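Take a look at the structure below.
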Amino acid sequence: MDRLLRGEIPAGGKCDIKTLAREAGVDRTAFYGNRPYAHLRADFEHRLQQLHQTGQTPDPRIAQITRLKADIGKLTERLSRADQRIAELTDFRSQALSRLAAQHEEIIQLREAASGTGRVIRLPTNRSQTIGPC
């Protein structure tokens with residue numbers, strides 16, 4: 001019992017009654033009910049619970065599982081924030097494209113309206129025509 005609680009877990013075992021029974025060479029059912037080793041099961045479970053309450057985990061796999069679950073929670077939250085940000089940026093992009101399209105249409109309409117009057121002189125669109133050779 002002490003070895004298991006210190007973290008000396010045999011291969012293929014855990015820090016539990018089944019492994020305790022196997023290491024002791026006793027049938028697992030002997031630890032339950034009115035059987036001869038029931039008091040040892042109660043003592044083992046009590047000591048194991050005390051270790052958990054103080055933050056110690058004799059089974060390194062349980063500690064790893066706990067750590068990985070915490071990591072998964074953090075990554076899930078981070079992914080959720082990233083998805084939200086992507087949605088916001090996609091919406092912003094759509095709005096910006098809509099505004100650009102509307103501004104382009106307005107420019108085209110203003111050019112057409114301006115070309116109908118004689119007082120507006122249209123400037124050349126190619127820069128090479130306005131600037132001579134260097």
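Following the order of the structure tokens, first chain is A, next is B, and so on, with residues numbered from 1 inside each chain and ligands from 1 in the order they appear.
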
Non-local contacts of segment 37-46 of chain A (10 Å; only C-alpha atoms; under 6 positions in same chain excluded) as a list in words: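 Contacts, in chain order: Met1, Asp2, Leu4, Leu5, Cys15, Asp16, Ile17, Leu20, Ala21, Val26, Asp27, Arg28, Thr29, Ala30, Phe31 and His52 of chain A.
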
Between atom CA of Gly13 of chain A and atom CA of Pro58 of chain A - distance in Å to one decimal: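 Separation of atom CA of Pro58 of chain A and atom CA of Gly13 of chain A: 12.1 Å.
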
To test your reading of the structure, identify every residue in chain A that backbone DSSP assigns to helix (DSSP H, G or I), and report it as a PDB file with C-alpha atoms, in the first residue's frame.
```
ATOM      1  CA  ASP A   2       2.810   2.410   0.907  1.00  0.00           C
ATOM      2  CA  ARG A   3       4.616   1.777  -2.385  1.00  0.00           C
ATOM      3  CA  LEU A   4       1.497   2.557  -4.401  1.00  0.00           C
ATOM      4  CA  LEU A   5       0.847   5.720  -2.409  1.00  0.00           C
ATOM      5  CA  ARG A   6       4.466   6.833  -2.956  1.00  0.00           C
ATOM      6  CA  ILE A  17      -7.605  -1.478  -5.140  1.00  0.00           C
ATOM      7  CA  LYS A  18      -7.184  -3.815  -8.099  1.00  0.00           C
ATOM      8  CA  THR A  19      -3.443  -3.148  -8.290  1.00  0.00           C
ATOM      9  CA  LEU A  20      -3.151  -3.288  -4.491  1.00  0.00           C
ATOM     10  CA  ALA A  21      -4.777  -6.729  -4.469  1.00  0.00           C
ATOM     11  CA  ARG A  22      -2.567  -7.953  -7.305  1.00  0.00           C
ATOM     12  CA  GLU A  23       0.599  -6.699  -5.584  1.00  0.00           C
ATOM     13  CA  ALA A  24      -0.471  -8.284  -2.283  1.00  0.00           C
ATOM     14  CA  ARG A  28      -9.669  -8.337  -5.023  1.00  0.00           C
ATOM     15  CA  THR A  29     -12.989  -9.383  -3.491  1.00  0.00           C
ATOM     16  CA  ALA A  30     -11.216  -9.822  -0.150  1.00  0.00           C
ATOM     17  CA  PHE A  31     -11.111  -6.004   0.118  1.00  0.00           C
ATOM     18  CA  ALA A  38     -11.974  -4.566   3.974  1.00  0.00           C
ATOM     19  CA  HIS A  39     -10.353  -2.327   6.613  1.00  0.00           C
ATOM     20  CA  LEU A  40      -7.221  -2.082   4.427  1.00  0.00           C
ATOM     21  CA  ARG A  41      -9.340  -0.908   1.484  1.00  0.00           C
ATOM     22  CA  ALA A  42     -10.919   1.779   3.660  1.00  0.00           C
ATOM     23  CA  ASP A  43      -7.486   2.846   4.922  1.00  0.00           C
ATOM     24  CA  PHE A  44      -6.058   2.880   1.382  1.00  0.00           C
ATOM     25  CA  GLU A  45      -8.953   4.949   0.024  1.00  0.00           C
ATOM     26  CA  HIS A  46      -8.733   7.366   2.978  1.00  0.00           C
ATOM     27  CA  ARG A  47      -4.987   7.902   2.520  1.00  0.00           C
ATOM     28  CA  LEU A  48      -5.431   8.266  -1.241  1.00  0.00           C
ATOM     29  CA  GLN A  49      -8.153  10.878  -0.690  1.00  0.00           C
ATOM     30  CA  GLN A  50      -5.879  12.790   1.709  1.00  0.00           C
ATOM     31  CA  LEU A  51      -3.146  12.840  -0.920  1.00  0.00           C
ATOM     32  CA  HIS A  52      -5.589  14.205  -3.505  1.00  0.00           C
ATOM     33  CA  GLN A  53      -6.773  16.904  -1.092  1.00  0.00           C
ATOM     34  CA  PRO A  60       1.679  10.093 -12.616  1.00  0.00           C
ATOM     35  CA  ARG A  61      -0.845   9.217 -15.322  1.00  0.00           C
ATOM     36  CA  ILE A  62      -3.652  10.838 -13.326  1.00  0.00           C
ATOM     37  CA  ALA A  63      -1.540  13.976 -12.917  1.00  0.00           C
ATOM     38  CA  GLN A  64      -0.852  13.956 -16.648  1.00  0.00           C
ATOM     39  CA  ILE A  65      -4.533  13.493 -17.453  1.00  0.00           C
ATOM     40  CA  THR A  66      -5.444  16.388 -15.149  1.00  0.00           C
ATOM     41  CA  ARG A  67      -2.797  18.608 -16.757  1.00  0.00           C
ATOM     42  CA  LEU A  68      -3.902  17.650 -20.269  1.00  0.00           C
ATOM     43  CA  LYS A  69      -7.544  18.362 -19.433  1.00  0.00           C
ATOM     44  CA  ALA A  70      -6.536  21.825 -18.216  1.00  0.00           C
ATOM     45  CA  ASP A  71      -4.546  22.349 -21.421  1.00  0.00           C
ATOM     46  CA  ILE A  72      -7.520  21.244 -23.507  1.00  0.00           C
ATOM     47  CA  GLY A  73      -9.728  23.731 -21.667  1.00  0.00           C
ATOM     48  CA  LYS A  74      -7.277  26.568 -22.351  1.00  0.00           C
ATOM     49  CA  LEU A  75      -6.901  25.596 -26.003  1.00  0.00           C
ATOM     50  CA  THR A  76     -10.666  25.315 -26.450  1.00  0.00           C
ATOM     51  CA  GLU A  77     -11.099  28.811 -25.015  1.00  0.00           C
ATOM     52  CA  ARG A  78      -8.307  30.137 -27.233  1.00  0.00           C
ATOM     53  CA  LEU A  79      -9.864  28.501 -30.296  1.00  0.00           C
ATOM     54  CA  SER A  80     -13.231  30.006 -29.431  1.00  0.00           C
ATOM     55  CA  ARG A  81     -11.681  33.489 -29.176  1.00  0.00           C
ATOM     56  CA  ALA A  82      -9.863  32.946 -32.490  1.00  0.00           C
ATOM     57  CA  ASP A  83     -13.089  31.842 -34.193  1.00  0.00           C
ATOM     58  CA  GLN A  84     -14.874  34.916 -32.858  1.00  0.00           C
ATOM     59  CA  ARG A  85     -12.075  37.197 -34.089  1.00  0.00           C
ATOM     60  CA  ILE A  86     -12.139  35.535 -37.524  1.00  0.00           C
ATOM     61  CA  ALA A  87     -15.893  36.098 -37.729  1.00  0.00           C
ATOM     62  CA  GLU A  88     -15.439  39.767 -36.779  1.00  0.00           C
ATOM     63  CA  LEU A  89     -12.694  40.250 -39.381  1.00  0.00           C
ATOM     64  CA  THR A  90     -14.730  38.489 -42.061  1.00  0.00           C
ATOM     65  CA  ASP A  91     -17.655  40.797 -41.327  1.00  0.00           C
ATOM     66  CA  PHE A  92     -15.340  43.827 -41.438  1.00  0.00           C
ATOM     67  CA  ARG A  93     -13.930  42.657 -44.784  1.00  0.00           C
ATOM     68  CA  SER A  94     -17.420  42.257 -46.240  1.00  0.00           C
ATOM     69  CA  GLN A  95     -18.400  45.736 -45.075  1.00  0.00           C
ATOM     70  CA  ALA A  96     -15.194  47.245 -46.468  1.00  0.00           C
ATOM     71  CA  LEU A  97     -15.724  45.575 -49.849  1.00  0.00           C
ATOM     72  CA  SER A  98     -19.331  46.792 -49.934  1.00  0.00           C
ATOM     73  CA  ARG A  99     -18.222  50.343 -49.168  1.00  0.00           C
ATOM     74  CA  LEU A 100     -15.516  50.203 -51.829  1.00  0.00           C
ATOM     75  CA  ALA A 101     -17.993  48.930 -54.404  1.00  0.00           C
ATOM     76  CA  ALA A 102     -20.451  51.697 -53.500  1.00  0.00           C
ATOM     77  CA  GLN A 103     -17.717  54.339 -53.722  1.00  0.00           C
ATOM     78  CA  HIS A 104     -16.599  52.959 -57.093  1.00  0.00           C
ATOM     79  CA  GLU A 105     -20.150  53.162 -58.415  1.00  0.00           C
ATOM     80  CA  GLU A 106     -20.425  56.744 -57.162  1.00  0.00           C
ATOM     81  CA  ILE A 107     -17.147  57.676 -58.888  1.00  0.00           C
ATOM     82  CA  ILE A 108     -18.384  56.171 -62.164  1.00  0.00           C
ATOM     83  CA  GLN A 109     -21.679  58.088 -61.888  1.00  0.00           C
ATOM     84  CA  LEU A 110     -19.849  61.351 -61.115  1.00  0.00           C
ATOM     85  CA  ARG A 111     -17.525  60.851 -64.103  1.00  0.00           C
ATOM     86  CA  GLU A 112     -20.484  60.225 -66.379  1.00  0.00           C
ATOM     87  CA  ALA A 113     -22.252  63.311 -65.049  1.00  0.00           C
ATOM     88  CA  ALA A 114     -19.116  65.394 -65.413  1.00  0.00           C
ATOM     89  CA  SER A 115     -18.461  64.284 -68.990  1.00  0.00           C
ATOM     90  CA  ARG A 127       0.997  59.656 -65.808  1.00  0.00           C
ATOM     91  CA  SER A 128       3.475  59.333 -68.657  1.00  0.00           C
ATOM     92  CA  GLN A 129       1.392  61.759 -70.746  1.00  0.00           C
ATOM     93  CA  THR A 130       1.591  64.566 -68.146  1.00  0.00           C
TER      94      THR A 130
END
```

Separation of atom CA of Glu8 of chain A from atom CA of Asn34 of chain A, in Å and rounded to one decimal: 28.5 Å

Pairwise distance for atom CA of Ile9 of chain A and atom CA of Gly33 of chain A, rounded to one decimal in Å: 25.5 Å
